[in-house]
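Visitor: mmCIF, C-alpha atoms, file final.cif:
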```cif
data_upload
#
loop_
_atom_site.group_PDB
_atom_site.id
_atom_site.type_symbol
_atom_site.label_atom_id
_atom_site.label_comp_id
_atom_site.auth_asym_id
_atom_site.auth_seq_id
_atom_site.Cartn_x
_atom_site.Cartn_y
_atom_site.Cartn_z
ATOM 1 C CA MET A 246 -32.048 22.976 26.718
ATOM 2 C CA SER A 247 -34.242 24.609 24.076
ATOM 3 C CA LEU A 248 -32.937 24.234 20.531
ATOM 4 C CA LEU A 249 -35.909 25.954 18.867
ATOM 5 C CA SER A 250 -38.070 28.603 20.515
ATOM 6 C CA VAL A 251 -41.044 30.149 18.736
ATOM 7 C CA GLN A 252 -42.967 32.833 20.599
ATOM 8 C CA HIS A 253 -46.064 34.794 19.559
ATOM 9 C CA LEU A 254 -45.600 34.016 15.877
ATOM 10 C CA THR A 255 -47.900 35.759 13.401
ATOM 11 C CA ALA A 256 -47.941 35.489 9.601
ATOM 12 C CA SER A 257 -50.148 36.396 6.662
ATOM 13 C CA TYR A 258 -50.752 35.476 3.031
ATOM 14 C CA GLY A 259 -51.249 38.953 1.644
ATOM 15 C CA ALA A 260 -54.256 40.438 3.399
ATOM 16 C CA ILE A 261 -55.273 37.088 4.913
ATOM 17 C CA GLN A 262 -53.780 36.407 8.332
ATOM 18 C CA ALA A 263 -52.961 32.724 8.877
ATOM 19 C CA LEU A 264 -51.105 32.731 12.203
ATOM 20 C CA PHE A 265 -52.262 34.849 15.131
ATOM 21 C CA ASP A 266 -50.268 33.640 18.142
ATOM 22 C CA VAL A 267 -48.200 30.479 17.762
ATOM 23 C CA SER A 268 -45.710 29.469 20.442
ATOM 24 C CA LEU A 269 -43.767 26.216 20.685
ATOM 25 C CA SER A 270 -40.353 24.885 21.617
ATOM 26 C CA VAL A 271 -38.213 21.874 20.773
ATOM 27 C CA ASN A 272 -35.462 20.841 23.161
ATOM 28 C CA GLU A 273 -32.236 19.098 22.255
ATOM 29 C CA GLY A 274 -33.009 15.445 21.488
ATOM 30 C CA GLU A 275 -36.778 15.939 21.808
ATOM 31 C CA VAL A 276 -39.453 14.759 19.382
ATOM 32 C CA VAL A 277 -42.418 17.148 19.283
ATOM 33 C CA ALA A 278 -45.750 16.687 17.512
ATOM 34 C CA LEU A 279 -47.344 19.734 15.881
ATOM 35 C CA MET A 280 -51.019 18.858 15.739
ATOM 36 C CA GLY A 281 -54.358 20.291 14.667
ATOM 37 C CA ARG A 282 -57.070 19.896 12.063
ATOM 38 C CA ASN A 283 -56.457 20.765 8.422
ATOM 39 C CA GLY A 284 -56.036 24.462 7.726
ATOM 40 C CA MET A 285 -55.124 25.445 11.286
ATOM 41 C CA GLY A 286 -51.656 26.775 10.470
ATOM 42 C CA LYS A 287 -49.289 23.831 10.925
ATOM 43 C CA SER A 288 -47.576 23.996 7.534
ATOM 44 C CA THR A 289 -47.527 27.792 7.689
ATOM 45 C CA THR A 290 -45.716 27.544 11.015
ATOM 46 C CA VAL A 291 -43.155 25.228 9.419
ATOM 47 C CA ARG A 292 -42.657 27.655 6.534
ATOM 48 C CA CYS A 293 -42.001 30.444 9.012
ATOM 49 C CA ILE A 294 -39.542 28.369 11.044
ATOM 50 C CA SER A 295 -37.623 27.380 7.914
ATOM 51 C CA ARG A 296 -37.805 31.017 6.711
ATOM 52 C CA MET A 297 -39.681 30.216 3.534
ATOM 53 C CA MET A 298 -42.255 32.761 4.653
ATOM 54 C CA LYS A 299 -42.023 36.116 6.405
ATOM 55 C CA SER A 300 -43.409 36.387 9.912
ATOM 56 C CA GLN A 301 -43.516 38.499 13.024
ATOM 57 C CA GLY A 302 -42.678 37.303 16.496
ATOM 58 C CA GLU A 303 -39.730 35.363 17.877
ATOM 59 C CA VAL A 304 -38.060 32.447 16.091
ATOM 60 C CA VAL A 305 -34.784 31.506 17.766
ATOM 61 C CA PHE A 306 -32.785 28.456 16.715
ATOM 62 C CA ALA A 307 -29.548 27.439 18.442
ATOM 63 C CA GLY A 308 -29.304 30.958 19.808
ATOM 64 C CA ALA A 309 -29.721 32.620 16.393
ATOM 65 C CA ASP A 310 -32.587 34.951 15.512
ATOM 66 C CA LEU A 311 -34.048 33.279 12.424
ATOM 67 C CA THR A 312 -36.275 36.231 11.561
ATOM 68 C CA LYS A 313 -33.129 37.979 10.325
ATOM 69 C CA VAL A 314 -31.872 35.241 7.992
ATOM 70 C CA PRO A 315 -33.017 33.830 4.608
ATOM 71 C CA SER A 316 -34.109 30.220 4.207
ATOM 72 C CA HIS A 317 -30.769 28.910 2.915
ATOM 73 C CA LYS A 318 -28.984 30.270 5.991
ATOM 74 C CA ALA A 319 -31.594 28.673 8.266
ATOM 75 C CA ALA A 320 -30.745 25.378 6.573
ATOM 76 C CA LEU A 321 -27.032 25.999 7.085
ATOM 77 C CA LEU A 322 -27.687 26.601 10.779
ATOM 78 C CA GLY A 323 -29.091 23.065 10.988
ATOM 79 C CA ILE A 324 -32.777 22.963 10.033
ATOM 80 C CA GLY A 325 -33.589 20.022 7.766
ATOM 81 C CA LEU A 326 -37.047 20.158 6.190
ATOM 82 C CA VAL A 327 -39.034 17.300 4.670
ATOM 83 C CA PRO A 328 -41.785 19.362 3.028
ATOM 84 C CA GLU A 329 -45.381 18.367 2.511
ATOM 85 C CA GLY A 330 -45.682 16.692 -0.883
ATOM 86 C CA ARG A 331 -42.058 15.436 -0.838
ATOM 87 C CA ARG A 332 -40.830 17.734 -3.643
ATOM 88 C CA CYS A 333 -37.966 15.558 -4.825
ATOM 89 C CA PHE A 334 -35.995 16.708 -7.871
ATOM 90 C CA LYS A 335 -37.872 14.408 -10.213
ATOM 91 C CA ASP A 336 -35.427 14.517 -13.132
ATOM 92 C CA LEU A 337 -32.424 13.722 -10.917
ATOM 93 C CA THR A 338 -31.436 10.230 -9.798
ATOM 94 C CA VAL A 339 -31.696 9.049 -6.217
ATOM 95 C CA SER A 340 -27.969 9.579 -5.676
ATOM 96 C CA GLU A 341 -28.095 13.035 -7.282
ATOM 97 C CA ASN A 342 -31.009 14.043 -5.055
ATOM 98 C CA LEU A 343 -29.115 12.950 -1.969
ATOM 99 C CA LEU A 344 -25.807 14.521 -2.965
ATOM 100 C CA SER A 345 -27.479 17.806 -3.883
ATOM 101 C CA ALA A 346 -28.053 18.496 -0.188
ATOM 102 C CA ALA A 347 -24.957 16.841 1.263
ATOM 103 C CA ARG A 348 -22.978 18.437 4.063
ATOM 104 C CA ALA A 349 -20.207 16.850 6.090
ATOM 105 C CA GLY A 350 -21.342 14.795 9.067
ATOM 106 C CA VAL A 351 -22.575 11.398 10.185
ATOM 107 C CA TRP A 352 -25.272 11.296 7.512
ATOM 108 C CA ASN A 353 -23.889 10.362 4.096
ATOM 109 C CA MET A 354 -24.859 8.092 1.213
ATOM 110 C CA ARG A 355 -23.869 4.991 3.154
ATOM 111 C CA SER A 356 -25.777 5.793 6.347
ATOM 112 C CA VAL A 357 -28.891 6.953 4.460
ATOM 113 C CA VAL A 358 -28.934 3.756 2.384
ATOM 114 C CA GLU A 359 -28.549 1.717 5.575
ATOM 115 C CA LEU A 360 -31.605 3.518 6.949
ATOM 116 C CA PHE A 361 -33.551 3.085 3.682
ATOM 117 C CA PRO A 362 -32.228 -0.027 1.879
ATOM 118 C CA ARG A 363 -34.703 0.491 -0.973
ATOM 119 C CA LEU A 364 -32.918 3.697 -1.919
ATOM 120 C CA GLY A 365 -29.703 1.710 -2.224
ATOM 121 C CA GLU A 366 -31.404 -0.551 -4.762
ATOM 122 C CA ARG A 367 -32.485 2.470 -6.813
ATOM 123 C CA VAL A 368 -29.516 4.842 -6.630
ATOM 124 C CA ASN A 369 -29.397 5.287 -10.413
ATOM 125 C CA GLN A 370 -33.148 5.655 -10.971
ATOM 126 C CA VAL A 371 -34.641 9.099 -11.503
ATOM 127 C CA ALA A 372 -36.910 10.198 -8.682
ATOM 128 C CA SER A 373 -39.978 10.370 -10.924
ATOM 129 C CA SER A 374 -39.787 6.606 -11.431
ATOM 130 C CA LEU A 375 -40.058 5.878 -7.705
ATOM 131 C CA SER A 376 -43.249 5.000 -5.859
ATOM 132 C CA GLY A 377 -44.766 7.580 -3.506
ATOM 133 C CA GLY A 378 -43.322 5.790 -0.506
ATOM 134 C CA GLU A 379 -39.861 5.628 -2.050
ATOM 135 C CA GLN A 380 -40.026 9.327 -2.886
ATOM 136 C CA GLN A 381 -40.875 10.022 0.742
ATOM 137 C CA MET A 382 -37.874 7.988 1.860
ATOM 138 C CA LEU A 383 -35.767 9.991 -0.575
ATOM 139 C CA ALA A 384 -37.086 13.286 0.797
ATOM 140 C CA ILE A 385 -36.230 12.211 4.346
ATOM 141 C CA GLY A 386 -32.818 10.948 3.254
ATOM 142 C CA ARG A 387 -32.110 14.212 1.420
ATOM 143 C CA ALA A 388 -32.947 16.215 4.571
ATOM 144 C CA LEU A 389 -30.712 13.962 6.664
ATOM 145 C CA MET A 390 -27.858 14.497 4.197
ATOM 146 C CA THR A 391 -27.771 18.130 5.362
ATOM 147 C CA ASN A 392 -26.784 16.726 8.788
ATOM 148 C CA PRO A 393 -29.387 18.836 10.586
ATOM 149 C CA ARG A 394 -29.750 19.533 14.286
ATOM 150 C CA LEU A 395 -33.538 19.735 13.824
ATOM 151 C CA LEU A 396 -35.491 17.573 11.377
ATOM 152 C CA ILE A 397 -38.963 18.829 10.423
ATOM 153 C CA LEU A 398 -41.364 16.283 8.934
ATOM 154 C CA ASP A 399 -44.462 17.861 7.380
ATOM 155 C CA GLU A 400 -47.071 15.135 6.775
ATOM 156 C CA ALA A 401 -44.385 12.535 6.026
ATOM 157 C CA THR A 402 -46.863 9.627 5.956
ATOM 158 C CA GLU A 403 -49.702 11.375 4.097
ATOM 159 C CA GLY A 404 -51.191 9.293 1.281
ATOM 160 C CA LEU A 405 -48.871 6.325 1.720
ATOM 161 C CA ALA A 406 -49.812 2.656 1.863
ATOM 162 C CA PRO A 407 -50.161 1.283 5.428
ATOM 163 C CA LEU A 408 -46.984 -0.827 5.239
ATOM 164 C CA VAL A 409 -44.946 2.124 4.019
ATOM 165 C CA ARG A 410 -46.454 4.342 6.696
ATOM 166 C CA GLN A 411 -45.301 1.885 9.345
ATOM 167 C CA GLU A 412 -41.833 1.841 7.809
ATOM 168 C CA ILE A 413 -41.628 5.630 8.053
ATOM 169 C CA TRP A 414 -42.787 5.564 11.681
ATOM 170 C CA SER A 415 -40.183 2.892 12.443
ATOM 171 C CA VAL A 416 -37.504 5.129 10.954
ATOM 172 C CA ILE A 417 -38.648 8.077 13.100
ATOM 173 C CA ALA A 418 -38.506 5.860 16.192
ATOM 174 C CA LYS A 419 -35.035 4.672 15.213
ATOM 175 C CA LEU A 420 -33.811 8.236 14.728
ATOM 176 C CA LYS A 421 -35.093 9.117 18.176
ATOM 177 C CA GLN A 422 -33.601 6.106 19.908
ATOM 178 C CA GLU A 423 -30.235 5.966 18.160
ATOM 179 C CA THR A 424 -29.304 9.499 17.128
ATOM 180 C CA GLY A 425 -30.707 11.986 19.639
ATOM 181 C CA LEU A 426 -31.804 14.158 16.717
ATOM 182 C CA SER A 427 -34.410 16.796 17.554
ATOM 183 C CA ILE A 428 -37.539 16.273 15.449
ATOM 184 C CA LEU A 429 -40.722 18.282 14.826
ATOM 185 C CA VAL A 430 -43.457 16.077 13.338
ATOM 186 C CA ILE A 431 -46.730 17.048 11.684
ATOM 187 C CA ASP A 432 -49.096 14.128 11.208
ATOM 188 C CA LYS A 433 -52.725 13.148 11.714
ATOM 189 C CA SER A 434 -52.174 9.777 13.396
ATOM 190 C CA VAL A 435 -52.508 10.422 17.123
ATOM 191 C CA LYS A 436 -51.717 6.795 17.944
ATOM 192 C CA GLU A 437 -48.427 6.833 16.052
ATOM 193 C CA LEU A 438 -47.488 10.279 17.325
ATOM 194 C CA LYS A 439 -47.982 9.098 20.896
ATOM 195 C CA SER A 440 -45.646 6.171 20.251
ATOM 196 C CA VAL A 441 -42.672 8.330 19.192
ATOM 197 C CA CYS A 442 -43.178 11.880 20.493
ATOM 198 C CA ASP A 443 -42.254 13.327 23.863
ATOM 199 C CA SER A 444 -44.622 16.283 23.747
ATOM 200 C CA ALA A 445 -47.200 17.985 21.568
ATOM 201 C CA VAL A 446 -48.403 21.399 20.493
ATOM 202 C CA ILE A 447 -51.918 21.862 19.122
ATOM 203 C CA LEU A 448 -52.960 24.710 16.844
ATOM 204 C CA GLU A 449 -56.493 25.983 16.344
ATOM 205 C CA ARG A 450 -57.097 28.757 13.796
ATOM 206 C CA GLY A 451 -53.485 29.901 13.897
ATOM 207 C CA ILE A 452 -53.224 29.962 17.695
ATOM 208 C CA THR A 453 -51.464 27.602 20.090
ATOM 209 C CA VAL A 454 -54.313 26.250 22.200
ATOM 210 C CA TRP A 455 -52.579 23.374 23.993
ATOM 211 C CA GLN A 456 -49.042 22.300 24.912
ATOM 212 C CA GLY A 457 -47.889 19.409 27.069
ATOM 213 C CA THR A 458 -46.347 15.980 27.252
ATOM 214 C CA MET A 459 -47.827 13.058 25.378
ATOM 215 C CA SER A 460 -48.861 11.478 28.665
ATOM 216 C CA GLU A 461 -50.924 14.606 29.358
ATOM 217 C CA LEU A 462 -52.652 14.495 25.971
ATOM 218 C CA SER A 463 -56.062 13.189 26.969
ATOM 219 C CA ALA A 464 -58.853 11.804 24.835
ATOM 220 C CA ASP A 465 -60.931 14.891 25.658
ATOM 221 C CA VAL A 466 -58.220 17.205 24.321
ATOM 222 C CA THR A 467 -57.787 15.226 21.108
ATOM 223 C CA GLU A 468 -61.551 15.073 20.598
ATOM 224 C CA GLN A 469 -61.874 18.827 21.100
ATOM 225 C CA PHE A 470 -59.013 19.928 18.842
ATOM 226 C CA ILE A 471 -58.153 16.980 16.578
ATOM 227 C CA GLY A 472 -61.381 15.025 16.107
ATOM 228 C CA VAL A 473 -63.632 15.561 13.116
#
```
Represent the structure of the file as structure tokens.

Guide:
Amino acid sequence: MSLLSVQHLTASYGAIQALFDVSLSVNEGEVVALMGRNGMGKSTTVRCISRMMKSQGEVVFAGADLTKVPSHKAALLGIGLVPEGRRCFKDLTVSENLLSAARAGVWNMRSVVELFPRLGERVNQVASSLSGGEQQMLAIGRALMTNPRLLILDEATEGLAPLVRQEIWSVIAKLKQETGLSILVIDKSVKELKSVCDSAVILERGITVWQGTMSELSADVTEQFIGV
């Protein structure tokens, strides 16, 4: 069953059109990769889904028309966003960051700290004192504290050390295997995406140019649309 359905999405930054025809869907319990080279509209698509940006076209989440709601109501409906660049509240502590987004559900301080033990060791530290990897863990934990039905990860491993990157990928795999949470992932690592995702959508110049399962994602397709 489709949890998120995006059809013929268009969006612009002023007079500059960024999205021309984006369509994708995420089913209940599915992990979907949103792929494409830099500047092809992936983050813009995420902004439109989370209602941080106006758009035209269809965006339906859990049966609700998201084009008619502001971003905070999209979050209340169950969209948890881990934005590009992390954007933690740097002057707040780890615990304050987590509690700022808390809603009732299975994800709470205890379960987030079990998922990211390093956060448990730093609950009283301000976010600005954390390493980049720890801030990324905090951003993911904060999104989980909203107890979302859909988790969106926008470049969650960008700029991190290899060991931390692998830790983040392990967490994504664990979320898939143990929680059934629907996840939309933007990342550049095709190998890692293939290891955790069920299907993929590829954007080229603001248009959906390919959709299919990960088993159908051939080397020719990745070379054509992902390769440098």

Visitor: Rank nothing, just name the residue among A:Ile385, A:Ala278, A:Leu337, A:Cys293 nearest to Lys433 (chain A), using only C-alpha atoms.

Guide: A:Ala278

Visitor: Here is a test: counting only C-alpha atoms, which residue of A:Val271, A:Ile431, A:Lys335, A:Leu279 is nearest to Gln370 (chain A)?

Guide: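 Of A:Val271, A:Ile431, A:Lys335, A:Leu279, the one nearest Gln370 (chain A) is A:Lys335, counting only C-alpha atoms.
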
Visitor: List every protein, DNA or RNA residue that has an atom no more than 8 Å from (-47.6, 0.7, -2.0) in the file's coordinate frame, counting only C-alpha atoms, and report them as a VMD selection string.

Guide: chain A and resid 376 to 378 405 to 409

Visitor: Given the file shown, determine the residues that the PyMOL selection byres ((chain A and resi 269) around 7) selects; report them as number ranges by chain.

Guide: A: 250-252, 267-268, 270, 446

Visitor: Output C-alpha atoms for every residue in the selection just made, as a compact mmCIF listing (two decimals), in the frame of the given file.

Guide:
```
# COMPACT_ATOMS: atom_id res chain seq x y z
CA SER A 250 -38.07 28.60 20.52
CA VAL A 251 -41.04 30.15 18.74
CA GLN A 252 -42.97 32.83 20.60
CA VAL A 267 -48.20 30.48 17.76
CA SER A 268 -45.71 29.47 20.44
CA SER A 270 -40.35 24.88 21.62
CA VAL A 446 -48.40 21.40 20.49
```

Visitor: With only C-alpha atoms as the atoms that count, which of A:Leu395, A:Leu438, A:Ile452, A:Ile447 lies nearest to Ile413 (chain A)?

Guide: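 Going through A:Leu395, A:Leu438, A:Ile452, A:Ile447 one by one, the smallest distance to Ile413 (chain A) is for A:Leu438.
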
Visitor: Run the PyMOL selection byres ((chain A and resi 342) around 12) mentally over the shown coordinates, then write out the matched residues as a PyMOL selection string, using the chain letters and numbers from the document.

Guide: chain A and resi 331-341+343-347+354+364+367-373+380+382-391

Visitor: What is the CA of Arg450 (chain A) to CA of Arg282 (chain A) distance in Å?

Guide: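 A separation of 9.0 Å between them.
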
Visitor: Calculate, to one decimal in Å, the centre and edge lengths of the box along x, y and z of the file that holds all listed atoms of region 372-388 of chain A with 5 Å of margin on each side, and present them as AutoDock Vina command-line options.

Guide:
```
--center_x -38.4 --center_y 10.6 --center_z -3.4 --size_x 22.7 --size_y 21.2 --size_z 26.0
```

Visitor: Show me, as a PyMOL selection string, the residues that have an atom within 10 Å of Ala309 (chain A) when counting all atoms listed in the file, minus same-chain residues fewer than 5 positions from it.

Guide: chain A and resi 248-249+304+314+319+322

Visitor: Measuring between all atoms listed in the file, which one of A:Lys318, A:Met298, A:Gly259, A:Glu275 shows the shortest distance to Leu420 (chain A)?

Guide: A:Glu275

Visitor: Using all atoms listed in the file for the distances, tell me which of A:Ser295, A:Ser257, A:Ser444, A:Gly302 is nearest to Leu321 (chain A).

Guide: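 For Leu321 (chain A), the nearest of the given residues is A:Ser295.
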
Visitor: Compile the contact shell of Ala445 (chain A) as a PDB file with C-alpha atoms, keeping the file's coordinate frame: residues with an atom at most 9 Å away, counting all atoms listed in the file, same-chain residues fewer than 2 positions apart removed.

Guide:
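Writing the result to out.pdb gives the following:
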```
ATOM      1  CA  LEU A 269     -43.767  26.216  20.685  1.00  0.00           C
ATOM      2  CA  VAL A 276     -39.453  14.759  19.382  1.00  0.00           C
ATOM      3  CA  VAL A 277     -42.418  17.148  19.283  1.00  0.00           C
ATOM      4  CA  ALA A 278     -45.750  16.687  17.512  1.00  0.00           C
ATOM      5  CA  LEU A 279     -47.344  19.734  15.881  1.00  0.00           C
ATOM      6  CA  MET A 280     -51.019  18.858  15.739  1.00  0.00           C
ATOM      7  CA  LEU A 438     -47.488  10.279  17.325  1.00  0.00           C
ATOM      8  CA  LYS A 439     -47.982   9.098  20.896  1.00  0.00           C
ATOM      9  CA  CYS A 442     -43.178  11.880  20.493  1.00  0.00           C
ATOM     10  CA  ASP A 443     -42.254  13.327  23.863  1.00  0.00           C
ATOM     11  CA  ILE A 447     -51.918  21.862  19.122  1.00  0.00           C
ATOM     12  CA  TRP A 455     -52.579  23.374  23.993  1.00  0.00           C
ATOM     13  CA  GLN A 456     -49.042  22.300  24.912  1.00  0.00           C
ATOM     14  CA  GLY A 457     -47.889  19.409  27.069  1.00  0.00           C
ATOM     15  CA  THR A 458     -46.347  15.980  27.252  1.00  0.00           C
ATOM     16  CA  MET A 459     -47.827  13.058  25.378  1.00  0.00           C
ATOM     17  CA  LEU A 462     -52.652  14.495  25.971  1.00  0.00           C
TER      18      LEU A 462
END
```

Visitor: Of the candidates A:Glu461, A:Asp432, A:Glu303, A:Glu359, which one gets nearest to Glu403 (chain A) if we count only C-alpha atoms?

Guide: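 Using only C-alpha atoms, the shortest distance to Glu403 (chain A) belongs to A:Asp432.
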
Visitor: Neighbouring residues of Leu426 (chain A) were defined as those with any atom within 10 Å, considering all atoms listed in the file; residues of the same chain fewer than 4 positions away were excluded. Please report them as a ChimeraX atom specification.

Guide: /A:272-276,392-396,417,420-422

Visitor: Provide the CA of Gln381 (chain A) to CA of Ala320 (chain A) distance in Å, to one decimal place.

Guide: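 About the pair CA of Gln381 (chain A) and CA of Ala320 (chain A): they are 19.3 Å apart.
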
Visitor: Between CA of Trp414 (chain A) and CA of Val441 (chain A), what is the spacing in Å?

Guide: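 Computed distance, CA of Val441 (chain A) to CA of Trp414 (chain A), equals 8.0 Å.
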
Visitor: Quick one: which residues end up in the PyMOL selection byres ((chain A and resi 400) around 10) for this structure, as a list in words?

Guide: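 Applied to this file, the PyMOL selection byres ((chain A and resi 400) around 10) selects Lys287, Ser288, Val327, Pro328, Glu329, Gly330, Arg331, Ile397, Leu398, Asp399, Ala401, Thr402, Glu403, Gly404, Val430, Ile431, Asp432, Lys433 and Ser434 of chain A.
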